[in-house]
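Trainee: My structure is stored as protein27.txt, with compact mmCIF, C-alpha atoms and all ligand atoms.
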# COMPACT_ATOMS: atom_id res chain seq x y z
CA MET A 1 101.16 85.47 108.03
CA ARG A 2 102.99 86.65 104.93
CA VAL A 3 100.86 88.60 102.49
CA PRO A 4 102.30 88.85 98.98
CA LEU A 5 101.58 91.85 96.78
CA LEU A 6 100.15 89.46 94.20
CA ASP A 7 99.69 85.69 93.96
CA LEU A 8 98.50 84.22 90.68
CA SER A 9 98.81 80.54 91.62
CA GLU A 10 95.25 80.10 92.88
CA GLN A 11 93.78 81.51 89.66
CA TYR A 12 95.82 79.03 87.66
CA ARG A 13 94.84 76.13 89.92
CA LEU A 14 91.16 76.73 89.12
CA LEU A 15 91.70 76.94 85.36
CA ALA A 16 94.56 74.46 84.97
CA GLU A 17 92.48 71.74 83.31
CA PRO A 18 90.96 73.75 80.44
CA ILE A 19 94.23 75.64 79.93
CA ARG A 20 96.22 72.41 79.64
CA GLN A 21 93.70 71.03 77.14
CA GLU A 22 94.10 74.11 74.96
CA LEU A 23 97.88 73.91 75.15
CA ASP A 24 97.78 70.21 74.25
CA GLU A 25 95.68 70.93 71.20
CA ILE A 26 97.94 73.74 70.02
CA LEU A 27 101.04 71.61 70.54
CA ARG A 28 99.40 68.71 68.70
CA THR A 29 98.39 70.85 65.72
CA GLN A 30 101.59 72.96 65.83
CA SER A 31 99.47 75.94 64.83
CA PHE A 32 101.28 78.70 66.71
CA ILE A 33 100.91 81.87 64.65
CA LEU A 34 97.53 83.66 64.38
CA GLY A 35 94.83 81.26 63.12
CA PRO A 36 91.53 80.20 64.73
CA LYS A 37 92.63 80.48 68.39
CA VAL A 38 93.60 84.09 67.87
CA GLU A 39 90.45 84.90 65.90
CA GLU A 40 88.26 83.30 68.55
CA PHE A 41 89.90 85.34 71.28
CA GLU A 42 89.73 88.55 69.27
CA ARG A 43 85.98 88.03 68.71
CA ALA A 44 85.37 87.37 72.42
CA LEU A 45 87.47 90.36 73.46
CA ALA A 46 85.72 92.71 71.02
CA ASP A 47 82.34 91.54 72.37
CA TYR A 48 83.49 92.01 75.95
CA CYS A 49 84.76 95.54 75.31
CA GLY A 50 81.82 96.53 73.12
CA VAL A 51 83.91 97.40 70.06
CA ARG A 52 83.83 96.14 66.48
CA HIS A 53 87.49 95.16 66.42
CA ALA A 54 90.04 93.64 68.75
CA ILE A 55 93.49 92.92 67.34
CA GLY A 56 95.71 90.65 69.39
CA VAL A 57 99.32 91.80 69.60
CA SER A 58 102.55 90.76 71.29
CA SER A 59 102.33 93.14 74.29
CA GLY A 60 100.74 96.32 75.55
CA THR A 61 103.87 98.13 74.46
CA ASP A 62 103.60 96.77 70.92
CA ALA A 63 99.91 97.72 70.87
CA LEU A 64 100.93 101.35 71.43
CA LEU A 65 103.78 101.10 68.95
CA ASP A 66 101.54 99.58 66.26
CA ILE A 67 98.91 102.28 66.84
CA LEU A 68 101.40 105.15 66.69
CA MET A 69 103.05 103.73 63.56
CA ALA A 70 99.68 103.26 61.87
CA MET A 71 98.73 106.84 62.79
CA GLU A 72 102.01 108.00 61.23
CA ILE A 73 103.32 109.62 64.37
CA GLY A 74 107.01 110.34 63.80
CA PRO A 75 109.81 112.90 63.76
CA ASN A 76 108.66 116.46 64.29
CA ASP A 77 105.44 115.29 65.96
CA ALA A 78 104.58 115.76 69.62
CA VAL A 79 102.21 113.68 71.75
CA ILE A 80 100.73 114.90 75.03
CA THR A 81 100.68 112.38 77.85
CA THR A 82 101.29 111.83 81.56
CA ALA A 83 104.65 111.33 83.24
CA TYR A 84 103.00 109.27 85.96
CA THR A 85 102.64 105.99 84.08
CA PHE A 86 104.59 102.95 83.03
CA PHE A 87 107.51 103.80 80.74
CA ALA A 88 105.97 102.23 77.61
CA THR A 89 103.38 105.00 77.21
CA ALA A 90 106.03 107.60 76.40
CA GLY A 91 108.78 105.18 75.33
CA CYS A 92 106.81 104.22 72.20
CA VAL A 93 106.36 107.87 71.23
CA ALA A 94 110.08 108.54 71.57
CA ARG A 95 111.08 105.34 69.73
CA LEU A 96 109.31 106.66 66.64
CA GLY A 97 111.25 109.91 66.78
CA ALA A 98 108.31 111.89 68.12
CA THR A 99 108.41 113.94 71.32
CA PRO A 100 106.42 113.10 74.42
CA ILE A 101 105.04 116.20 76.11
CA PHE A 102 104.31 115.63 79.77
CA VAL A 103 101.54 117.45 81.58
CA ASP A 104 100.68 117.08 85.25
CA ILE A 105 98.17 114.75 86.91
CA ASP A 106 95.07 115.28 88.98
CA PRO A 107 96.31 114.62 92.55
CA VAL A 108 93.00 112.98 93.53
CA THR A 109 92.84 110.30 90.82
CA PHE A 110 96.52 110.27 89.68
CA ASN A 111 95.20 110.39 86.10
CA ILE A 112 96.24 113.03 83.56
CA SER A 113 94.64 116.38 84.37
CA PRO A 114 92.34 117.67 81.61
CA THR A 115 92.99 121.19 82.92
CA ALA A 116 96.73 120.69 82.49
CA ILE A 117 96.15 119.51 78.89
CA ALA A 118 93.94 122.52 78.14
CA ASP A 119 96.44 124.93 79.75
CA PHE A 120 99.30 123.52 77.72
CA LEU A 121 97.35 123.80 74.47
CA ALA A 122 96.12 127.31 75.23
CA ASN A 123 99.37 128.75 76.55
CA GLU A 124 102.23 126.90 74.91
CA CYS A 125 100.96 126.07 71.43
CA ARG A 126 100.01 128.17 68.44
CA ARG A 127 98.78 127.76 64.87
CA ASP A 128 101.34 127.77 62.09
CA ALA A 129 100.80 129.32 58.63
CA GLU A 130 98.92 126.21 57.43
CA GLY A 131 96.69 126.21 60.48
CA GLY A 132 98.41 123.21 62.10
CA LEU A 133 98.92 123.17 65.84
CA ILE A 134 102.57 123.53 66.87
CA ASP A 135 104.26 123.70 70.26
CA PHE A 136 106.95 126.12 71.50
CA GLN A 137 109.63 124.18 69.59
CA SER A 138 107.60 124.09 66.37
CA ARG A 139 106.71 120.43 66.68
CA ARG A 140 103.34 119.39 65.30
CA VAL A 141 101.07 118.43 68.21
CA ARG A 142 99.25 115.34 66.99
CA ALA A 143 97.73 113.32 69.78
CA ILE A 144 96.88 112.85 73.44
CA ILE A 145 97.51 109.55 75.22
CA PRO A 146 95.45 109.42 78.42
CA VAL A 147 96.34 106.47 80.68
CA HIS A 148 93.57 104.95 82.80
CA LEU A 149 95.86 104.42 85.76
CA PHE A 150 95.40 101.73 88.42
CA GLY A 151 92.04 100.68 86.91
CA LEU A 152 90.22 104.03 87.00
CA CYS A 153 89.13 105.80 83.82
CA CYS A 154 90.36 109.30 83.02
CA GLU A 155 87.90 112.18 82.71
CA MET A 156 87.28 111.25 79.08
CA ASP A 157 84.39 113.56 78.18
CA THR A 158 86.58 116.57 78.91
CA ILE A 159 89.66 115.09 77.24
CA ASN A 160 87.70 114.20 74.09
CA GLU A 161 86.18 117.68 73.98
CA ILE A 162 89.61 119.33 74.23
CA ALA A 163 90.99 116.97 71.56
CA ALA A 164 88.11 117.76 69.22
CA ARG A 165 88.66 121.49 69.69
CA TYR A 166 92.29 121.14 68.56
CA SER A 167 91.76 118.24 66.09
CA LEU A 168 94.00 115.90 68.06
CA LEU A 169 93.89 112.13 67.99
CA VAL A 170 93.12 110.38 71.26
CA ILE A 171 94.80 107.04 71.97
CA GLU A 172 93.73 105.47 75.26
CA ASP A 173 96.36 103.48 77.13
CA ALA A 174 93.98 101.07 78.87
CA ALA A 175 96.70 98.59 79.87
CA GLN A 176 95.62 98.76 83.53
CA ALA A 177 91.91 99.22 82.99
CA ILE A 178 90.32 96.46 80.91
CA GLY A 179 86.58 96.55 81.60
CA ALA A 180 86.71 99.73 83.70
CA GLU A 181 83.72 101.97 83.01
CA TYR A 182 83.23 105.70 82.70
CA PRO A 183 79.91 107.55 83.09
CA ALA A 184 79.74 109.44 79.79
CA ALA A 185 77.73 112.65 79.57
CA ASP A 186 75.14 110.94 77.34
CA GLY A 187 74.29 108.75 80.34
CA ARG A 188 75.90 105.63 78.93
CA ALA A 189 78.59 103.56 80.59
CA ARG A 190 81.65 103.55 78.35
CA GLN A 191 84.55 101.14 78.69
CA ALA A 192 88.22 101.98 78.97
CA GLY A 193 89.87 101.98 75.56
CA THR A 194 86.61 102.42 73.64
CA MET A 195 85.93 106.12 74.17
CA SER A 196 88.16 107.51 71.46
CA ALA A 197 89.68 106.46 68.14
CA VAL A 198 91.61 103.53 69.58
CA GLY A 199 92.71 101.88 72.81
CA SER A 200 95.55 99.61 73.86
CA LEU A 201 95.38 96.76 76.34
CA SER A 202 98.10 94.72 78.06
CA PHE A 203 97.88 91.11 79.17
CA TYR A 204 101.18 91.15 81.04
CA PRO A 205 100.77 88.37 83.64
CA SER A 206 100.12 90.72 86.57
CA LYS A 207 97.45 92.76 84.75
CA ASN A 208 93.79 92.03 85.61
CA LEU A 209 93.56 89.74 82.58
CA GLY A 210 96.99 88.15 82.41
CA ALA A 211 98.57 85.87 79.83
CA ALA A 212 101.27 83.27 80.45
CA GLY A 213 103.87 85.66 79.14
CA ASP A 214 103.65 88.83 77.06
CA ALA A 215 100.52 89.74 75.11
CA GLY A 216 98.33 92.75 74.36
CA ALA A 217 95.55 94.03 72.14
CA ILE A 218 94.35 97.03 70.16
CA ILE A 219 90.64 97.82 70.31
CA CYS A 220 88.73 100.17 68.01
CA HIS A 221 85.37 100.76 66.32
CA ASP A 222 86.48 101.80 62.84
CA ASP A 223 86.83 99.11 60.14
CA ALA A 224 89.49 100.86 58.07
CA LEU A 225 91.61 101.72 61.09
CA ALA A 226 91.39 98.13 62.32
CA GLU A 227 92.63 96.89 58.94
CA ARG A 228 95.56 99.26 59.19
CA PHE A 229 96.48 98.07 62.69
CA ARG A 230 96.29 94.45 61.44
CA THR A 231 98.60 95.26 58.54
CA PHE A 232 101.15 96.95 60.80
CA ARG A 233 101.03 93.90 63.10
CA GLN A 234 102.49 91.80 60.27
CA HIS A 235 105.29 93.86 58.74
CA GLY A 236 102.85 96.04 56.81
CA MET A 237 102.26 92.99 54.63
CA GLU A 238 99.12 92.80 52.46
CA PRO A 239 98.87 90.46 50.62
CA ARG A 240 101.61 88.10 51.72
CA TYR A 241 105.14 89.28 50.83
CA PHE A 242 103.88 92.58 49.48
CA HIS A 243 104.62 95.49 51.79
CA ARG A 244 102.77 98.79 51.42
CA VAL A 245 103.99 100.20 54.69
CA ILE A 246 106.73 99.35 57.18
CA GLY A 247 105.22 97.52 60.11
CA GLY A 248 106.66 95.09 62.64
CA ASN A 249 106.14 91.65 64.07
CA PHE A 250 103.54 92.49 66.70
CA ARG A 251 101.51 89.25 66.53
CA ILE A 252 99.99 87.63 69.60
CA ASP A 253 100.87 83.94 70.12
CA ALA A 254 98.07 81.42 69.58
CA ILE A 255 98.98 79.93 72.96
CA GLN A 256 98.49 83.27 74.71
CA ALA A 257 95.23 83.91 72.87
CA ALA A 258 93.87 80.49 73.85
CA ILE A 259 94.72 81.02 77.52
CA LEU A 260 93.23 84.52 77.52
CA ARG A 261 90.07 83.16 75.87
CA ILE A 262 89.62 80.76 78.79
CA LYS A 263 90.24 83.47 81.37
CA LEU A 264 88.10 86.23 79.81
CA PRO A 265 84.67 84.98 81.07
CA HIS A 266 86.07 85.19 84.62
CA LEU A 267 87.33 88.76 84.33
CA ASP A 268 84.25 90.57 85.62
CA GLY A 269 84.09 88.24 88.62
CA TRP A 270 87.74 88.92 89.36
CA SER A 271 87.26 92.67 89.04
CA ALA A 272 84.26 92.47 91.39
CA ALA A 273 86.38 90.56 93.91
CA ARG A 274 89.10 93.20 93.70
CA ARG A 275 86.48 95.90 94.25
CA LYS A 276 85.15 93.96 97.25
CA ALA A 277 88.68 93.79 98.67
CA ALA A 278 89.01 97.55 98.17
CA ASP A 279 85.75 98.01 100.11
CA VAL A 280 87.09 95.85 102.92
CA TYR A 281 90.26 97.96 103.09
CA GLY A 282 88.15 101.12 103.07
CA GLU A 283 85.92 99.91 105.93
CA GLU A 284 88.81 98.62 108.04
CA PHE A 285 91.00 101.68 107.51
CA THR A 286 88.11 103.93 108.44
CA ALA A 287 87.20 101.86 111.50
CA ARG A 288 90.80 102.10 112.72
CA GLY A 289 91.06 105.83 112.14
CA LEU A 290 93.59 105.27 109.36
CA ALA A 291 91.59 107.16 106.75
CA ASN A 292 92.86 110.31 108.51
CA GLU A 293 96.49 109.17 108.44
CA MET A 294 96.64 108.32 104.76
CA THR A 295 94.63 109.09 101.63
CA LEU A 296 92.59 106.17 100.32
CA PRO A 297 91.93 105.70 96.58
CA ALA A 298 89.33 108.06 95.10
CA GLU A 299 86.19 106.55 93.56
CA PRO A 300 84.78 109.44 91.53
CA TYR A 301 82.39 107.27 89.53
CA ARG A 302 81.14 105.07 92.37
CA GLU A 303 77.62 106.42 92.72
CA ARG A 304 77.05 106.68 88.97
CA GLY A 305 75.29 103.38 88.40
CA LEU A 306 78.29 101.60 86.88
CA THR A 307 79.40 98.08 87.61
CA ASN A 308 83.11 98.46 87.00
CA HIS A 309 83.43 102.03 88.25
CA HIS A 310 86.96 101.00 89.30
CA ILE A 311 88.66 97.67 88.60
CA TYR A 312 91.41 98.10 91.18
CA HIS A 313 94.30 96.93 89.11
CA GLN A 314 96.16 98.51 92.01
CA TYR A 315 94.98 99.71 95.42
CA VAL A 316 97.11 102.78 95.98
CA ILE A 317 97.19 104.85 99.17
CA ARG A 318 99.23 107.97 99.76
CA THR A 319 101.10 109.30 102.79
CA PRO A 320 104.09 111.62 103.20
CA ARG A 321 105.59 108.83 105.36
CA ARG A 322 105.48 106.36 102.45
CA ASP A 323 109.09 105.12 102.58
CA ALA A 324 108.98 104.39 106.31
CA LEU A 325 105.59 102.67 105.92
CA GLN A 326 106.90 100.44 103.16
CA LYS A 327 109.93 99.48 105.25
CA HIS A 328 107.59 98.62 108.14
CA LEU A 329 105.38 96.43 105.91
CA THR A 330 108.35 94.65 104.37
CA ALA A 331 109.68 93.81 107.84
CA ARG A 332 106.31 92.19 108.61
CA GLY A 333 106.24 90.12 105.43
CA ILE A 334 103.66 92.26 103.68
CA GLY A 335 104.20 93.00 100.01
CA SER A 336 103.83 96.50 98.59
CA ALA A 337 105.11 98.40 95.57
CA ILE A 338 105.78 101.92 94.42
CA TYR A 339 104.10 102.86 91.14
CA TYR A 340 106.03 104.91 90.16
CA PRO A 341 109.10 106.13 92.05
CA LEU A 342 110.21 108.65 89.39
CA GLY A 343 108.12 110.60 86.89
CA LEU A 344 108.99 109.95 83.26
CA HIS A 345 109.93 113.63 82.82
CA GLU A 346 112.84 113.07 85.24
CA GLN A 347 114.08 109.81 83.70
CA LYS A 348 117.65 109.87 82.47
CA CYS A 349 116.70 108.68 78.98
CA PHE A 350 114.43 111.71 78.56
CA ALA A 351 116.98 114.26 79.84
CA SER A 352 117.21 115.78 76.36
CA LEU A 353 113.54 116.78 76.58
CA GLY A 354 114.68 119.44 79.04
CA TYR A 355 112.33 118.86 81.97
CA CYS A 356 113.56 119.33 85.51
CA ALA A 357 112.40 118.64 89.05
CA GLY A 358 109.55 120.97 89.94
CA ASP A 359 108.04 121.01 86.44
CA LEU A 360 105.25 118.57 87.35
CA PRO A 361 104.65 119.09 91.09
CA GLU A 362 101.70 116.68 91.46
CA THR A 363 103.45 113.92 89.54
CA GLU A 364 106.51 114.38 91.72
CA ARG A 365 104.50 114.41 94.95
CA ALA A 366 102.68 111.22 93.89
CA ALA A 367 106.03 109.58 93.13
CA ARG A 368 107.12 110.38 96.71
CA GLU A 369 103.89 109.48 98.51
CA THR A 370 102.05 106.57 96.88
CA LEU A 371 102.16 102.93 97.88
CA ALA A 372 100.32 100.00 96.32
CA LEU A 373 99.00 97.43 98.79
CA PRO A 374 98.19 93.75 98.07
CA ILE A 375 95.03 93.40 96.00
CA TYR A 376 93.90 90.45 93.92
CA PRO A 377 90.70 88.39 93.69
CA GLU A 378 91.91 85.58 95.96
CA LEU A 379 93.17 87.87 98.74
CA THR A 380 91.41 86.70 101.92
CA ARG A 381 89.84 88.84 104.61
CA GLU A 382 92.37 87.45 107.09
CA MET A 383 95.23 88.58 104.88
CA GLN A 384 93.67 92.01 104.55
CA GLN A 385 93.29 92.23 108.33
CA GLU A 386 97.00 91.46 108.60
CA VAL A 387 97.79 94.34 106.23
CA VAL A 388 95.46 96.70 108.12
CA ALA A 389 96.89 95.69 111.51
CA ALA A 390 100.45 96.30 110.32
CA ILE A 391 99.53 99.75 109.00
CA ALA A 392 97.66 100.57 112.24
CA GLU A 393 100.76 99.57 114.16
CA PHE A 394 102.86 101.90 112.01
CA PHE A 395 100.62 104.91 112.55
CA GLY A 396 99.94 103.99 116.20
CA THR A 397 96.16 104.08 115.88
C1 LIG B 1 101.70 97.32 81.47
C2 LIG B 1 101.59 98.65 80.82
C3 LIG B 1 101.99 98.88 79.52
C4 LIG B 1 102.80 97.92 78.71
O1 LIG B 1 102.27 96.68 78.60
P1 LIG B 1 103.23 95.41 78.33
O2 LIG B 1 102.25 94.35 77.99
O3 LIG B 1 103.97 95.16 79.59
O4 LIG B 1 104.12 95.76 77.20
C5 LIG B 1 101.73 100.13 78.96
N1 LIG B 1 101.13 101.09 79.65
C6 LIG B 1 100.74 100.91 80.93
C7 LIG B 1 100.05 102.02 81.64
C8 LIG B 1 100.98 99.69 81.57
O5 LIG B 1 100.61 99.54 82.84
Taking this structure as input, can you express it in the form of structure tokens?
Mentor:
Amino acid sequence: MRVPLLDLSEQYRLLAEPIRQELDEILRTQSFILGPKVEEFERALADYCGVRHAIGVSSGTDALLDILMAMEIGPNDAVITTAYTFFATAGCVARLGATPIFVDIDPVTFNISPTAIADFLANECRRDAEGGLIDFQSRRVRAIIPVHLFGLCCEMDTINEIAARYSLLVIEDAAQAIGAEYPAADGRARQAGTMSAVGSLSFYPSKNLGAAGDAGAIICHDDALAERFRTFRQHGMEPRYFHRVIGGNFRIDAIQAAILRIKLPHLDGWSAARRKAADVYGEEFTARGLANEMTLPAEPYRERGLTNHHIYHQYVIRTPRRDALQKHLTARGIGSAIYYPLGLHEQKCFASLGYCAGDLPETERAARETLALPIYPELTREMQQEVVAAIAEFFGT
């Protein structure tokens, strides 16, 4: 039996009727740009996330770009983030002329290490004459972008506390973590993207909530900030044809918003099914003695009374024999993927930042050792058993 890394066809089959009706209506009315379909989706998304404002945009990348532009991040600014993420997180910072500063990850969760952030701020930054925080190259350190990788929230209480101490903005890249919860110190469950000033979401088709093309959203609590993000989404235009600031065309399509609106009520069910699949992997790997051969995903918030303690956007194991294991799985028709094979600090396009191999040891080790296995709501137990059997064969257990 072939087991693909991801198969979205079954999800579409179940929702095809309502989706086609929405598309028909939009095509009939020819109302493609913003309008009621977008507003309806934004309202539903804000309610789902527990924020006052959701602003639909053209992609997760453009969500970050819009946010950074609205926050006036630009030349001479520096933004602290992780090198173990999708390119867009740091690409948007660099596109605006600002400098991404990469700090290492926590090897257990693969998320940005709060200790690494604190160490960088304490040891490599200082106050300038005006009291602003500057790094070793005199760039103004402005923000932190934590990325909730693979569907697991970062240690946000600590990150927010560090940010407050240094008056830094926090922008959550929640592209892979819509609905994921974090057990905040005040005892409340807090959702990815809602724990700081602003969060970005992606609806790239393979994300947990996927559009039929590119789409994304910005989520925030503050009314004035939300207005600013909306203005930047439409060329900084307010009112029409009057431009106070230079924005871009970051609008979400009405068609994408309508499809996402239909899918949204199913999201928690899908995330629960992914979590169930993760449990099945965990049980089977343990039963076969494979939990000793490879490291299974950490679930630091599992026993904290949350529903979505992890949403398993990806199920990622680690083993020093990663490349051989992937080759073995491919030969048996089992899909897998490497997120990510090279840290951003070692990417050619960032060579001028001056990082070299060895600078971020945990990022680099993760890039060598991690492998994402098939996980999606419709994955069957039989398919999972196939994956487990192939891995057991590889390790000879
Ligand atoms: C997918 C993703 C993005 C970009 O989203 P797009 O919708 O593909 O532009 C940004 N950051 C992370 C962590 C992602 O996984």
Trainee: Could you name the residues that touch Ile317 in chain A at 8 Å or less, counting only C-alpha atoms, but leaving out those on the same chain fewer than 4 positions away, as an MDAnalysis selection string?
Mentor: chainID A and resid 294:297 370:373
Trainee: Ligand LIG 1 (chain B): which residues are within 8 Å, counting all atoms listed in the file? Reply as a short mmCIF file (atom, residue, chain, number, x, y, z; two decimals) with C-alpha atoms, in the frame of the given file.
Mentor:
data_model
loop_
_atom_site.label_atom_id
_atom_site.label_comp_id
_atom_site.auth_asym_id
_atom_site.auth_seq_id
_atom_site.Cartn_x
_atom_site.Cartn_y
_atom_site.Cartn_z
CA SER A 58 102.55 90.76 71.29
CA SER A 59 102.33 93.14 74.29
CA GLY A 60 100.74 96.32 75.55
CA THR A 61 103.87 98.13 74.46
CA ASP A 62 103.60 96.77 70.92
CA ALA A 63 99.91 97.72 70.87
CA LEU A 64 100.93 101.35 71.43
CA THR A 85 102.64 105.99 84.08
CA PHE A 86 104.59 102.95 83.03
CA PHE A 87 107.51 103.80 80.74
CA ALA A 88 105.97 102.23 77.61
CA THR A 89 103.38 105.00 77.21
CA VAL A 147 96.34 106.47 80.68
CA HIS A 148 93.57 104.95 82.80
CA LEU A 149 95.86 104.42 85.76
CA PHE A 150 95.40 101.73 88.42
CA ASP A 173 96.36 103.48 77.13
CA ALA A 174 93.98 101.07 78.87
CA ALA A 175 96.70 98.59 79.87
CA GLN A 176 95.62 98.76 83.53
CA LEU A 201 95.38 96.76 76.34
CA SER A 202 98.10 94.72 78.06
CA PHE A 203 97.88 91.11 79.17
CA TYR A 204 101.18 91.15 81.04
CA LYS A 207 97.45 92.76 84.75
CA ASP A 214 103.65 88.83 77.06
CA ALA A 215 100.52 89.74 75.11
CA GLY A 216 98.33 92.75 74.36
#
Trainee: In terms of the shortest atom-to-atom distance over all atoms listed in the file, which of A:Leu325, A:Leu209, A:Leu5, A:Met71 is closest to Gly396 in chain A?
Mentor: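 Among A:Leu325, A:Leu209, A:Leu5, A:Met71, it is A:Leu325 that comes nearest to Gly396 in chain A.
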Trainee: For Leu342 in chain A, find every residue with an atom within 9 Å (counting all atoms listed in the file), except residues of its own chain fewer than 4 positions away, and show them as a PyMOL selection string.
Mentor: chain A and resi 83-84+346-347+363-364+367-368
Trainee: In file coordinates, which residues lie within 6 Å of (102.5, 88.7, 69.6) using only C-alpha atoms, given as a JSON list (two decimals) with C-alpha atoms, in the coordinates of the input?
Mentor:
[["chain", "number", "residue", "atom", "x", "y", "z"],
["A", 57, "VAL", "CA", 99.32, 91.80, 69.60],
["A", 58, "SER", "CA", 102.55, 90.76, 71.29],
["A", 215, "ALA", "CA", 100.52, 89.74, 75.11],
["A", 250, "PHE", "CA", 103.54, 92.49, 66.70],
["A", 251, "ARG", "CA", 101.51, 89.25, 66.53],
["A", 252, "ILE", "CA", 99.99, 87.63, 69.60],
["A", 253, "ASP", "CA", 100.87, 83.94, 70.12]]
Trainee: Within 10 Å of Ser9 in chain A, counting only C-alpha atoms, which residues qualify if same-chain residues fewer than 5 places away don't, as JSON, numbers by chain?
Mentor: {"A": [14, 16, 378]}
Trainee: Considering only C-alpha atoms, can you say which of A:Glu386, A:Glu362, A:Glu161, A:Glu293 comes closest to Val3 in chain A?
Mentor: A:Glu386
Trainee: Would you work out the distance separating CA of Ala54 in chain A from CA of Glu42 in chain A, expressed in Å to one decimal?
Mentor: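 Computing it gives 5.1 Å between the two atoms.
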Trainee: Taking N, CA and C atoms as the atom set, what does range 267-286 of chain A look like once completed, written as a JSON list (two decimals), in the frame of the given file?
Mentor:
[["chain", "number", "residue", "atom", "x", "y", "z"],
["A", 267, "LEU", "N", 86.76, 87.44, 84.03],
["A", 267, "LEU", "CA", 87.33, 88.76, 84.33],
["A", 267, "LEU", "C", 86.42, 89.63, 85.19],
["A", 268, "ASP", "N", 85.14, 89.70, 84.84],
["A", 268, "ASP", "CA", 84.25, 90.57, 85.62],
["A", 268, "ASP", "C", 84.12, 90.10, 87.06],
["A", 269, "GLY", "N", 84.12, 88.78, 87.26],
["A", 269, "GLY", "CA", 84.09, 88.24, 88.62],
["A", 269, "GLY", "C", 85.34, 88.62, 89.38],
["A", 270, "TRP", "N", 86.48, 88.54, 88.71],
["A", 270, "TRP", "CA", 87.74, 88.92, 89.36],
["A", 270, "TRP", "C", 87.75, 90.41, 89.70],
["A", 271, "SER", "N", 87.27, 91.22, 88.77],
["A", 271, "SER", "CA", 87.26, 92.67, 89.04],
["A", 271, "SER", "C", 86.32, 92.99, 90.21],
["A", 272, "ALA", "N", 85.20, 92.27, 90.27],
["A", 272, "ALA", "CA", 84.26, 92.47, 91.39],
["A", 272, "ALA", "C", 84.93, 92.08, 92.71],
["A", 273, "ALA", "N", 85.70, 91.00, 92.69],
["A", 273, "ALA", "CA", 86.38, 90.56, 93.91],
["A", 273, "ALA", "C", 87.45, 91.57, 94.33],
["A", 274, "ARG", "N", 88.13, 92.15, 93.37],
["A", 274, "ARG", "CA", 89.10, 93.20, 93.70],
["A", 274, "ARG", "C", 88.41, 94.41, 94.31],
["A", 275, "ARG", "N", 87.23, 94.76, 93.73],
["A", 275, "ARG", "CA", 86.48, 95.90, 94.25],
["A", 275, "ARG", "C", 86.02, 95.62, 95.67],
["A", 276, "LYS", "N", 85.60, 94.37, 95.92],
["A", 276, "LYS", "CA", 85.15, 93.96, 97.25],
["A", 276, "LYS", "C", 86.32, 94.11, 98.24],
["A", 277, "ALA", "N", 87.50, 93.67, 97.81],
["A", 277, "ALA", "CA", 88.68, 93.79, 98.67],
["A", 277, "ALA", "C", 88.98, 95.26, 98.96],
["A", 278, "ALA", "N", 88.79, 96.11, 97.97],
["A", 278, "ALA", "CA", 89.01, 97.55, 98.17],
["A", 278, "ALA", "C", 88.01, 98.09, 99.20],
["A", 279, "ASP", "N", 86.76, 97.60, 99.13],
["A", 279, "ASP", "CA", 85.75, 98.01, 100.11],
["A", 279, "ASP", "C", 86.15, 97.58, 101.52],
["A", 280, "VAL", "N", 86.66, 96.36, 101.62],
["A", 280, "VAL", "CA", 87.09, 95.85, 102.92],
["A", 280, "VAL", "C", 88.21, 96.73, 103.48],
["A", 281, "TYR", "N", 89.20, 97.04, 102.64],
["A", 281, "TYR", "CA", 90.26, 97.96, 103.09],
["A", 281, "TYR", "C", 89.64, 99.27, 103.57],
["A", 282, "GLY", "N", 88.75, 99.82, 102.76],
["A", 282, "GLY", "CA", 88.15, 101.12, 103.07],
["A", 282, "GLY", "C", 87.45, 101.09, 104.43],
["A", 283, "GLU", "N", 86.65, 100.03, 104.66],
["A", 283, "GLU", "CA", 85.92, 99.91, 105.93],
["A", 283, "GLU", "C", 86.88, 99.77, 107.11],
["A", 284, "GLU", "N", 87.87, 98.89, 106.95],
["A", 284, "GLU", "CA", 88.81, 98.62, 108.04],
["A", 284, "GLU", "C", 89.69, 99.84, 108.34],
["A", 285, "PHE", "N", 90.15, 100.49, 107.31],
["A", 285, "PHE", "CA", 91.00, 101.68, 107.51],
["A", 285, "PHE", "C", 90.20, 102.77, 108.23],
["A", 286, "THR", "N", 88.95, 102.91, 107.82],
["A", 286, "THR", "CA", 88.11, 103.93, 108.44],
["A", 286, "THR", "C", 87.84, 103.57, 109.90]]
